[in-house]
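Engineer: First the structure, which I've put down as structure tokens, then a few questions once you've had a look.
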Amino acid sequence: MAISDKTRKRLWANSGGLCAICKTKVLKELKPGEKHSIVGDECHIVARSPDGPRGEIGSKVPSIDSYENLIILCRNCHKIVDEYPDIYTVDKLGKIKHEHEVMIAENHEVIVDETIGLETDFLPRILTGQDLIHTIGKGLVFEFHKPEDLEDWEYELIGTFLELCSEWGEILSDLPIKGRFDAERALIKELKELESAHFYVFGANISKSVPEQGFVDPVGVSVLSIVRQNDPQIIRIDFNELEKMIDDSDSSY
């Protein structure tokens, strides 16, 4: 049994055209006006062969070519997960796929930031004051990233924003409801000023160890990354364009 066209389109659309692990684009237009090429793989979580990666439980999978048993990966990540099936188990790959698809569904803009020290180093764009409150309010440690080539007025603008985030983050848990509304209103004002100055803010509350601050075991870390709006590390997902790319791609499957 082969992968059906319906399953294939659903799989690629829900992946956002990105590898579920490293977030590399796996549908690419090599030359303007030409067909898009697939540079990723439709990978079986449980191999078709019992001797293949994770294939020993193949009899428990209703359909090897079902949507649930497939994940989109770049070719490098595909090679790694199949070489290390004891690390990339069925449950782990299923979790990676689910979290990736949720991220794609909820965020049309993300950045991949290799400096934050995670297995999956992506951060969604923060669009609202509520997003920002959620990000800064749960962390025990505050971590931020900013461009290096800032002018003096940009340093001032970003510094004011980050200082405000840090101050509100420290007291959010103690604030009454109205206090949280006040914090949200103050933060969204600063967020809009950054956007007017051609910056975007990406962020998430993550769990990781921070030994340099005395936290050997994982703790909650509020990560904010401020980038210029034209930064090439921003991944923008246009689902209409993605559907066209899928229909138009040169596939060898």
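Labeling convention for the structure tokens: chains A, B, ... as they appear, residues from 1 per chain, ligands from 1 in order of appearance.
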Which residues in region 76-180 of chain A does DSSP call strand (DSSP E or B)? List them as a list in words.
Structural biologist: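 Output for region 76-180 of chain A, strand (DSSP E or B) only: Glu109, Val110, Ile111, Val112, Phe122, Leu123, Pro124, Arg125, Val141, Phe142, Glu143, Phe144 and His145 of chain A.
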Engineer: Hey, what's within 12 Å of region 152-166 of chain A if we count only C-alpha atoms and toss same-chain stuff fewer than 4 positions away? As JSON, numbers by chain, please?
Structural biologist: {"A": [129, 132, 133, 134, 135, 136, 137, 138, 139, 140, 141, 142, 143, 144, 145, 146, 147, 148, 170, 171, 172, 183, 184, 185, 186, 187, 188, 189, 190, 191, 192, 193, 194, 195, 196, 197, 198, 199, 200, 201, 203, 221, 222, 223, 224, 225, 226, 227, 228]}
Engineer: Please, what distance in Å, to one decimal, runs between CA of Pro53 (chain A) and CA of Arg8 (chain A)?
Structural biologist: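 Straight-line distance from CA of Pro53 (chain A) to CA of Arg8 (chain A) works out to 21.1 Å.
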Engineer: What's the 10 Å shell around Ser66 (chain A), counting only C-alpha atoms, without same-chain residues fewer than 4 positions away, as a list in words?
Structural biologist: Met1, Ala2, Ile3, Ser4, Thr7, Arg8, Leu11, His44, Val61, Pro62 and Leu70 of chain A
Engineer: May I have the residues within 9 Å of Arg125 (chain A) as number ranges by chain, using only C-alpha atoms and disregarding those fewer than 5 positions away in the same chain?
Structural biologist: A: 107-111, 131, 200-204
